[in-house]
file query_11.pdb (PDB, N, CA, C and O atoms)
ATOM      1  N   MET A   1       9.144 -80.929-129.218
ATOM      2  CA  MET A   1       8.561 -79.784-128.540
ATOM      3  C   MET A   1       8.324 -78.666-129.555
ATOM      4  O   MET A   1       9.157 -78.400-130.406
ATOM      5  N   GLU A   2       7.183 -78.030-129.456
ATOM      6  CA  GLU A   2       6.837 -76.960-130.381
ATOM      7  C   GLU A   2       7.576 -75.668-130.022
ATOM      8  O   GLU A   2       8.017 -75.496-128.892
ATOM      9  N   PRO A   3       7.731 -74.748-130.972
ATOM     10  CA  PRO A   3       8.391 -73.468-130.697
ATOM     11  C   PRO A   3       7.629 -72.690-129.626
ATOM     12  O   PRO A   3       6.400 -72.727-129.574
ATOM     13  N   LYS A   4       8.390 -72.012-128.765
ATOM     14  CA  LYS A   4       7.791 -71.216-127.696
ATOM     15  C   LYS A   4       8.586 -69.937-127.505
ATOM     16  O   LYS A   4       9.773 -69.881-127.818
ATOM     17  N   ASP A   5       7.913 -68.936-126.954
ATOM     18  CA  ASP A   5       8.563 -67.670-126.623
ATOM     19  C   ASP A   5       8.565 -67.501-125.115
ATOM     20  O   ASP A   5       7.572 -67.802-124.444
ATOM     21  N   TYR A   6       9.697 -67.015-124.596
ATOM     22  CA  TYR A   6       9.868 -66.850-123.161
ATOM     23  C   TYR A   6      10.385 -65.454-122.843
ATOM     24  O   TYR A   6      11.005 -64.806-123.678
ATOM     25  N   LEU A   7      10.155 -65.050-121.598
ATOM     26  CA  LEU A   7      10.691 -63.809-121.065
ATOM     27  C   LEU A   7      11.542 -64.176-119.850
ATOM     28  O   LEU A   7      11.102 -64.954-118.999
ATOM     29  N   VAL A   8      12.774 -63.637-119.797
ATOM     30  CA  VAL A   8      13.644 -63.898-118.650
ATOM     31  C   VAL A   8      13.138 -63.053-117.482
ATOM     32  O   VAL A   8      13.178 -61.827-117.529
ATOM     33  N   LYS A   9      12.613 -63.719-116.461
ATOM     34  CA  LYS A   9      12.029 -63.033-115.305
ATOM     35  C   LYS A   9      13.071 -62.719-114.228
ATOM     36  O   LYS A   9      12.997 -61.691-113.588
ATOM     37  N   LYS A  10      14.018 -63.653-114.048
ATOM     38  CA  LYS A  10      14.969 -63.510-112.945
ATOM     39  C   LYS A  10      16.208 -64.338-113.238
ATOM     40  O   LYS A  10      16.119 -65.384-113.873
ATOM     41  N   ILE A  11      17.351 -63.862-112.775
ATOM     42  CA  ILE A  11      18.594 -64.625-112.886
ATOM     43  C   ILE A  11      19.124 -64.818-111.472
ATOM     44  O   ILE A  11      19.267 -63.853-110.714
ATOM     45  N   GLU A  12      19.392 -66.073-111.132
ATOM     46  CA  GLU A  12      19.908 -66.430-109.808
ATOM     47  C   GLU A  12      21.191 -67.228-109.995
ATOM     48  O   GLU A  12      21.148 -68.440-110.182
ATOM     49  N   GLY A  13      22.325 -66.540-109.974
ATOM     50  CA  GLY A  13      23.612 -67.206-110.153
ATOM     51  C   GLY A  13      23.741 -67.811-111.532
ATOM     52  O   GLY A  13      23.716 -67.112-112.533
ATOM     53  N   GLU A  14      23.851 -69.121-111.599
ATOM     54  CA  GLU A  14      24.041 -69.839-112.861
ATOM     55  C   GLU A  14      22.723 -70.281-113.498
ATOM     56  O   GLU A  14      22.736 -71.035-114.475
ATOM     57  N   TYR A  15      21.599 -69.827-112.966
ATOM     58  CA  TYR A  15      20.296 -70.244-113.474
ATOM     59  C   TYR A  15      19.402 -69.048-113.767
ATOM     60  O   TYR A  15      19.529 -67.995-113.149
ATOM     61  N   ALA A  16      18.494 -69.231-114.714
ATOM     62  CA  ALA A  16      17.517 -68.201-115.069
ATOM     63  C   ALA A  16      16.113 -68.776-114.925
ATOM     64  O   ALA A  16      15.895 -69.967-115.150
ATOM     65  N   ILE A  17      15.187 -67.922-114.564
ATOM     66  CA  ILE A  17      13.779 -68.296-114.512
ATOM     67  C   ILE A  17      13.113 -67.639-115.711
ATOM     68  O   ILE A  17      13.140 -66.412-115.862
ATOM     69  N   LEU A  18      12.574 -68.487-116.600
ATOM     70  CA  LEU A  18      11.903 -68.012-117.803
ATOM     71  C   LEU A  18      10.402 -68.171-117.634
ATOM     72  O   LEU A  18       9.941 -69.145-117.052
ATOM     73  N   ALA A  19       9.647 -67.242-118.180
ATOM     74  CA  ALA A  19       8.185 -67.329-118.154
ATOM     75  C   ALA A  19       7.692 -67.509-119.585
ATOM     76  O   ALA A  19       8.068 -66.747-120.480
ATOM     77  N   ASP A  20       6.875 -68.531-119.799
ATOM     78  CA  ASP A  20       6.256 -68.777-121.098
ATOM     79  C   ASP A  20       5.349 -67.584-121.402
ATOM     80  O   ASP A  20       4.518 -67.198-120.592
ATOM     81  N   MET A  21       5.513 -66.979-122.582
ATOM     82  CA  MET A  21       4.765 -65.773-122.942
ATOM     83  C   MET A  21       3.268 -66.043-123.100
ATOM     84  O   MET A  21       2.472 -65.129-122.937
ATOM     85  N   GLU A  22       2.877 -67.271-123.408
ATOM     86  CA  GLU A  22       1.460 -67.591-123.586
ATOM     87  C   GLU A  22       0.787 -68.018-122.289
ATOM     88  O   GLU A  22      -0.256 -67.507-121.922
ATOM     89  N   SER A  23       1.396 -68.975-121.605
ATOM     90  CA  SER A  23       0.744 -69.559-120.429
ATOM     91  C   SER A  23       1.193 -68.949-119.102
ATOM     92  O   SER A  23       0.517 -69.115-118.099
ATOM     93  N   GLY A  24       2.361 -68.300-119.097
ATOM     94  CA  GLY A  24       2.896 -67.755-117.857
ATOM     95  C   GLY A  24       3.634 -68.790-117.022
ATOM     96  O   GLY A  24       4.203 -68.464-115.986
ATOM     97  N   GLU A  25       3.640 -70.041-117.482
ATOM     98  CA  GLU A  25       4.333 -71.117-116.769
ATOM     99  C   GLU A  25       5.824 -70.785-116.688
ATOM    100  O   GLU A  25       6.427 -70.313-117.642
ATOM    101  N   GLU A  26       6.431 -71.032-115.518
ATOM    102  CA  GLU A  26       7.838 -70.718-115.325
ATOM    103  C   GLU A  26       8.726 -71.943-115.524
ATOM    104  O   GLU A  26       8.339 -73.065-115.239
ATOM    105  N   LEU A  27       9.935 -71.680-116.022
ATOM    106  CA  LEU A  27      10.915 -72.715-116.333
ATOM    107  C   LEU A  27      12.241 -72.294-115.714
ATOM    108  O   LEU A  27      12.667 -71.150-115.857
ATOM    109  N   PHE A  28      12.904 -73.202-115.015
ATOM    110  CA  PHE A  28      14.189 -72.967-114.365
ATOM    111  C   PHE A  28      15.251 -73.612-115.248
ATOM    112  O   PHE A  28      15.226 -74.817-115.455
ATOM    113  N   ILE A  29      16.188 -72.805-115.800
ATOM    114  CA  ILE A  29      17.150 -73.338-116.765
ATOM    115  C   ILE A  29      18.550 -72.776-116.536
ATOM    116  O   ILE A  29      18.706 -71.627-116.114
ATOM    117  N   ALA A  30      19.561 -73.596-116.823
ATOM    118  CA  ALA A  30      20.956 -73.190-116.657
ATOM    119  C   ALA A  30      21.316 -72.097-117.663
ATOM    120  O   ALA A  30      20.959 -72.176-118.835
ATOM    121  N   MET A  31      22.041 -71.085-117.204
ATOM    122  CA  MET A  31      22.468 -69.982-118.065
ATOM    123  C   MET A  31      23.351 -70.483-119.218
ATOM    124  O   MET A  31      23.364 -69.893-120.284
ATOM    125  N   ALA A  32      24.075 -71.578-118.990
ATOM    126  CA  ALA A  32      24.956 -72.124-120.022
ATOM    127  C   ALA A  32      24.184 -72.554-121.270
ATOM    128  O   ALA A  32      24.758 -72.647-122.353
ATOM    129  N   LEU A  33      22.887 -72.802-121.148
ATOM    130  CA  LEU A  33      22.064 -73.216-122.283
ATOM    131  C   LEU A  33      21.473 -72.031-123.039
ATOM    132  O   LEU A  33      20.853 -72.212-124.087
ATOM    133  N   LEU A  34      21.651 -70.830-122.504
ATOM    134  CA  LEU A  34      21.075 -69.634-123.115
ATOM    135  C   LEU A  34      22.141 -68.857-123.892
ATOM    136  O   LEU A  34      23.326 -68.970-123.604
ATOM    137  N   PRO A  35      21.719 -68.048-124.867
ATOM    138  CA  PRO A  35      22.693 -67.281-125.653
ATOM    139  C   PRO A  35      23.426 -66.235-124.806
ATOM    140  O   PRO A  35      22.898 -65.756-123.798
ATOM    141  N   ILE A  36      24.606 -65.871-125.249
ATOM    142  CA  ILE A  36      25.383 -64.823-124.595
ATOM    143  C   ILE A  36      24.616 -63.512-124.692
ATOM    144  O   ILE A  36      24.031 -63.202-125.723
ATOM    145  N   GLY A  37      24.610 -62.759-123.619
ATOM    146  CA  GLY A  37      23.934 -61.466-123.610
ATOM    147  C   GLY A  37      22.558 -61.483-122.976
ATOM    148  O   GLY A  37      21.902 -60.453-122.901
ATOM    149  N   VAL A  38      22.115 -62.636-122.507
ATOM    150  CA  VAL A  38      20.795 -62.734-121.871
ATOM    151  C   VAL A  38      20.821 -62.008-120.536
ATOM    152  O   VAL A  38      21.772 -62.125-119.765
ATOM    153  N   ASP A  39      19.772 -61.238-120.263
ATOM    154  CA  ASP A  39      19.632 -60.513-119.009
ATOM    155  C   ASP A  39      18.154 -60.492-118.639
ATOM    156  O   ASP A  39      17.306 -60.891-119.450
ATOM    157  N   VAL A  40      17.842 -60.009-117.457
ATOM    158  CA  VAL A  40      16.449 -59.902-117.027
ATOM    159  C   VAL A  40      15.692 -59.022-118.023
ATOM    160  O   VAL A  40      16.181 -57.968-118.425
ATOM    161  N   GLY A  41      14.536 -59.495-118.462
ATOM    162  CA  GLY A  41      13.729 -58.758-119.429
ATOM    163  C   GLY A  41      13.960 -59.158-120.877
ATOM    164  O   GLY A  41      13.234 -58.727-121.764
ATOM    165  N   THR A  42      14.959 -60.000-121.131
ATOM    166  CA  THR A  42      15.248 -60.460-122.491
ATOM    167  C   THR A  42      14.153 -61.414-122.966
ATOM    168  O   THR A  42      13.700 -62.271-122.219
ATOM    169  N   ARG A  43      13.736 -61.263-124.221
ATOM    170  CA  ARG A  43      12.767 -62.187-124.821
ATOM    171  C   ARG A  43      13.542 -63.238-125.612
ATOM    172  O   ARG A  43      14.455 -62.911-126.355
ATOM    173  N   LEU A  44      13.131 -64.497-125.435
ATOM    174  CA  LEU A  44      13.797 -65.616-126.093
ATOM    175  C   LEU A  44      12.798 -66.419-126.908
ATOM    176  O   LEU A  44      11.630 -66.534-126.536
ATOM    177  N   HIS A  45      13.291 -66.991-128.004
ATOM    178  CA  HIS A  45      12.491 -67.901-128.811
ATOM    179  C   HIS A  45      13.177 -69.262-128.753
ATOM    180  O   HIS A  45      14.376 -69.364-128.979
ATOM    181  N   TYR A  46      12.407 -70.303-128.423
ATOM    182  CA  TYR A  46      12.936 -71.661-128.317
ATOM    183  C   TYR A  46      12.387 -72.499-129.464
ATOM    184  O   TYR A  46      11.179 -72.573-129.665
ATOM    185  N   GLU A  47      13.310 -73.095-130.225
ATOM    186  CA  GLU A  47      12.909 -73.965-131.328
ATOM    187  C   GLU A  47      14.062 -74.901-131.656
ATOM    188  O   GLU A  47      15.218 -74.487-131.669
ATOM    189  N   MET A  48      13.745 -76.157-131.884
ATOM    190  CA  MET A  48      14.723 -77.181-132.255
ATOM    191  C   MET A  48      15.907 -77.232-131.277
ATOM    192  O   MET A  48      17.074 -77.196-131.660
ATOM    193  N   LEU A  49      15.560 -77.285-129.970
ATOM    194  CA  LEU A  49      16.528 -77.420-128.878
ATOM    195  C   LEU A  49      17.498 -76.244-128.767
ATOM    196  O   LEU A  49      18.616 -76.390-128.275
ATOM    197  N   GLU A  50      17.084 -75.057-129.217
ATOM    198  CA  GLU A  50      17.951 -73.900-129.199
ATOM    199  C   GLU A  50      17.173 -72.642-128.809
ATOM    200  O   GLU A  50      16.049 -72.432-129.276
ATOM    201  N   TYR A  51      17.795 -71.822-127.972
ATOM    202  CA  TYR A  51      17.221 -70.538-127.601
ATOM    203  C   TYR A  51      17.920 -69.447-128.392
ATOM    204  O   TYR A  51      19.130 -69.510-128.593
ATOM    205  N   ARG A  52      17.143 -68.445-128.831
ATOM    206  CA  ARG A  52      17.760 -67.285-129.470
ATOM    207  C   ARG A  52      17.062 -66.030-128.980
ATOM    208  O   ARG A  52      15.883 -66.055-128.624
ATOM    209  N   ILE A  53      17.817 -64.936-128.936
ATOM    210  CA  ILE A  53      17.269 -63.661-128.484
ATOM    211  C   ILE A  53      16.412 -63.077-129.588
ATOM    212  O   ILE A  53      16.812 -63.037-130.755
ATOM    213  N   VAL A  54      15.223 -62.598-129.202
ATOM    214  CA  VAL A  54      14.286 -62.005-130.170
ATOM    215  C   VAL A  54      14.498 -60.513-130.196
ATOM    216  O   VAL A  54      14.606 -59.866-129.204
TER     217      VAL A  54
END
call {"tool": "encode", "arguments": {"input": "query_11.pdb", "output": "structure tokens"}}
result
Amino acid sequence: MEPKDYLVKKIEGEYAILADMESGEELFIAMALLPIGVDVGTRLHYEMLEYRIV
């Protein structure tokens, strides 16, 4: 998978809804897979099976 940038749109319990910054496509992902400190409005970069805060 190629590198992508996401914006955290919403957090619902143990899951977050991310929006692809280019296409707007939404992704539903477990909070356990995201870095500590993620909140609504956080920008994330995904590369090599890892998310990091931008």
call {"tool": "atom_distance", "arguments": {"input": "query_11.pdb", "atom1": "atom CA of Val8 of chain A", "atom2": "atom CA of Val38 of chain A"}}
result
7.9 Å
call {"tool": "select_by_dssp", "arguments": {"input": "query_11.pdb", "residues": "chain A", "states": "strand (DSSP E or B)", "output": "VMD selection string"}}
result
chain A and resid 4 to 12 15 to 20 26 to 30 43 to 47 50 to 53
call {"tool": "write_last_selection", "arguments": {"input": "query_11.pdb", "atoms": "N, CA, C and O atoms", "output": "compact mmCIF listing (two decimals), in the frame of the given file"}}
result
# COMPACT_ATOMS: atom_id res chain seq x y z
N LYS A 4 8.39 -72.01 -128.76
CA LYS A 4 7.79 -71.22 -127.70
C LYS A 4 8.59 -69.94 -127.50
O LYS A 4 9.77 -69.88 -127.82
N ASP A 5 7.91 -68.94 -126.95
CA ASP A 5 8.56 -67.67 -126.62
C ASP A 5 8.56 -67.50 -125.12
O ASP A 5 7.57 -67.80 -124.44
N TYR A 6 9.70 -67.02 -124.60
CA TYR A 6 9.87 -66.85 -123.16
C TYR A 6 10.38 -65.45 -122.84
O TYR A 6 11.00 -64.81 -123.68
N LEU A 7 10.15 -65.05 -121.60
CA LEU A 7 10.69 -63.81 -121.06
C LEU A 7 11.54 -64.18 -119.85
O LEU A 7 11.10 -64.95 -119.00
N VAL A 8 12.77 -63.64 -119.80
CA VAL A 8 13.64 -63.90 -118.65
C VAL A 8 13.14 -63.05 -117.48
O VAL A 8 13.18 -61.83 -117.53
N LYS A 9 12.61 -63.72 -116.46
CA LYS A 9 12.03 -63.03 -115.30
C LYS A 9 13.07 -62.72 -114.23
O LYS A 9 13.00 -61.69 -113.59
N LYS A 10 14.02 -63.65 -114.05
CA LYS A 10 14.97 -63.51 -112.94
C LYS A 10 16.21 -64.34 -113.24
O LYS A 10 16.12 -65.38 -113.87
N ILE A 11 17.35 -63.86 -112.78
CA ILE A 11 18.59 -64.62 -112.89
C ILE A 11 19.12 -64.82 -111.47
O ILE A 11 19.27 -63.85 -110.71
N GLU A 12 19.39 -66.07 -111.13
CA GLU A 12 19.91 -66.43 -109.81
C GLU A 12 21.19 -67.23 -110.00
O GLU A 12 21.15 -68.44 -110.18
N TYR A 15 21.60 -69.83 -112.97
CA TYR A 15 20.30 -70.24 -113.47
C TYR A 15 19.40 -69.05 -113.77
O TYR A 15 19.53 -68.00 -113.15
N ALA A 16 18.49 -69.23 -114.71
CA ALA A 16 17.52 -68.20 -115.07
C ALA A 16 16.11 -68.78 -114.92
O ALA A 16 15.90 -69.97 -115.15
N ILE A 17 15.19 -67.92 -114.56
CA ILE A 17 13.78 -68.30 -114.51
C ILE A 17 13.11 -67.64 -115.71
O ILE A 17 13.14 -66.41 -115.86
N LEU A 18 12.57 -68.49 -116.60
CA LEU A 18 11.90 -68.01 -117.80
C LEU A 18 10.40 -68.17 -117.63
O LEU A 18 9.94 -69.14 -117.05
N ALA A 19 9.65 -67.24 -118.18
CA ALA A 19 8.18 -67.33 -118.15
C ALA A 19 7.69 -67.51 -119.58
O ALA A 19 8.07 -66.75 -120.48
N ASP A 20 6.88 -68.53 -119.80
CA ASP A 20 6.26 -68.78 -121.10
C ASP A 20 5.35 -67.58 -121.40
O ASP A 20 4.52 -67.20 -120.59
N GLU A 26 6.43 -71.03 -115.52
CA GLU A 26 7.84 -70.72 -115.32
C GLU A 26 8.73 -71.94 -115.52
O GLU A 26 8.34 -73.06 -115.24
N LEU A 27 9.94 -71.68 -116.02
CA LEU A 27 10.92 -72.72 -116.33
C LEU A 27 12.24 -72.29 -115.71
O LEU A 27 12.67 -71.15 -115.86
N PHE A 28 12.90 -73.20 -115.02
CA PHE A 28 14.19 -72.97 -114.36
C PHE A 28 15.25 -73.61 -115.25
O PHE A 28 15.23 -74.82 -115.46
N ILE A 29 16.19 -72.81 -115.80
CA ILE A 29 17.15 -73.34 -116.76
C ILE A 29 18.55 -72.78 -116.54
O ILE A 29 18.71 -71.63 -116.11
N ALA A 30 19.56 -73.60 -116.82
CA ALA A 30 20.96 -73.19 -116.66
C ALA A 30 21.32 -72.10 -117.66
O ALA A 30 20.96 -72.18 -118.84
N ARG A 43 13.74 -61.26 -124.22
CA ARG A 43 12.77 -62.19 -124.82
C ARG A 43 13.54 -63.24 -125.61
O ARG A 43 14.46 -62.91 -126.36
N LEU A 44 13.13 -64.50 -125.44
CA LEU A 44 13.80 -65.62 -126.09
C LEU A 44 12.80 -66.42 -126.91
O LEU A 44 11.63 -66.53 -126.54
N HIS A 45 13.29 -66.99 -128.00
CA HIS A 45 12.49 -67.90 -128.81
C HIS A 45 13.18 -69.26 -128.75
O HIS A 45 14.38 -69.36 -128.98
N TYR A 46 12.41 -70.30 -128.42
CA TYR A 46 12.94 -71.66 -128.32
C TYR A 46 12.39 -72.50 -129.46
O TYR A 46 11.18 -72.57 -129.66
N GLU A 47 13.31 -73.10 -130.22
CA GLU A 47 12.91 -73.96 -131.33
C GLU A 47 14.06 -74.90 -131.66
O GLU A 47 15.22 -74.49 -131.67
N GLU A 50 17.08 -75.06 -129.22
CA GLU A 50 17.95 -73.90 -129.20
C GLU A 50 17.17 -72.64 -128.81
O GLU A 50 16.05 -72.43 -129.28
N TYR A 51 17.80 -71.82 -127.97
CA TYR A 51 17.22 -70.54 -127.60
C TYR A 51 17.92 -69.45 -128.39
O TYR A 51 19.13 -69.51 -128.59
N ARG A 52 17.14 -68.44 -128.83
CA ARG A 52 17.76 -67.28 -129.47
C ARG A 52 17.06 -66.03 -128.98
O ARG A 52 15.88 -66.06 -128.62
N ILE A 53 17.82 -64.94 -128.94
CA ILE A 53 17.27 -63.66 -128.48
C ILE A 53 16.41 -63.08 -129.59
O ILE A 53 16.81 -63.04 -130.76
call {"tool": "closest_residue", "arguments": {"input": "query_11.pdb", "among": "A:Phe28, A:Arg43, A:Arg52, A:Pro35", "to": "Tyr6 of chain A", "atoms": "all atoms listed in the file"}}
result
A:Arg43
call {"tool": "resolve_selection", "arguments": {"input": "query_11.pdb", "expression": "the PyMOL selection byres ((chain A and resi 9-26) around 8)", "output": "list in words"}}
result
Lys4, Asp5, Tyr6, Leu7, Val8, Leu27, Phe28, Ile29, Ala30, Met31, Ala32, Leu33, Val38, Asp39, Val40, Gly41, Thr42, Arg43 and Leu44 of chain A
call {"tool": "axis_aligned_box", "arguments": {"input": "query_11.pdb", "around": "segment 2-12 of chain A", "padding_each_side": "5 Å", "output": "JSON"}}
result
{"center_x": 13.8, "center_y": -69.9, "center_z": -120.4, "size_x": 24.8, "size_y": 26.3, "size_z": 31.2}
call {"tool": "atom_distance", "arguments": {"input": "query_11.pdb", "atom1": "atom CA of Ile36 of chain A", "atom2": "atom N of Glu2 of chain A"}}
result
23.0 Å
call {"tool": "atom_distance", "arguments": {"input": "query_11.pdb", "atom1": "atom CA of Leu34 of chain A", "atom2": "atom N of Met48 of chain A"}}
result
13.2 Å
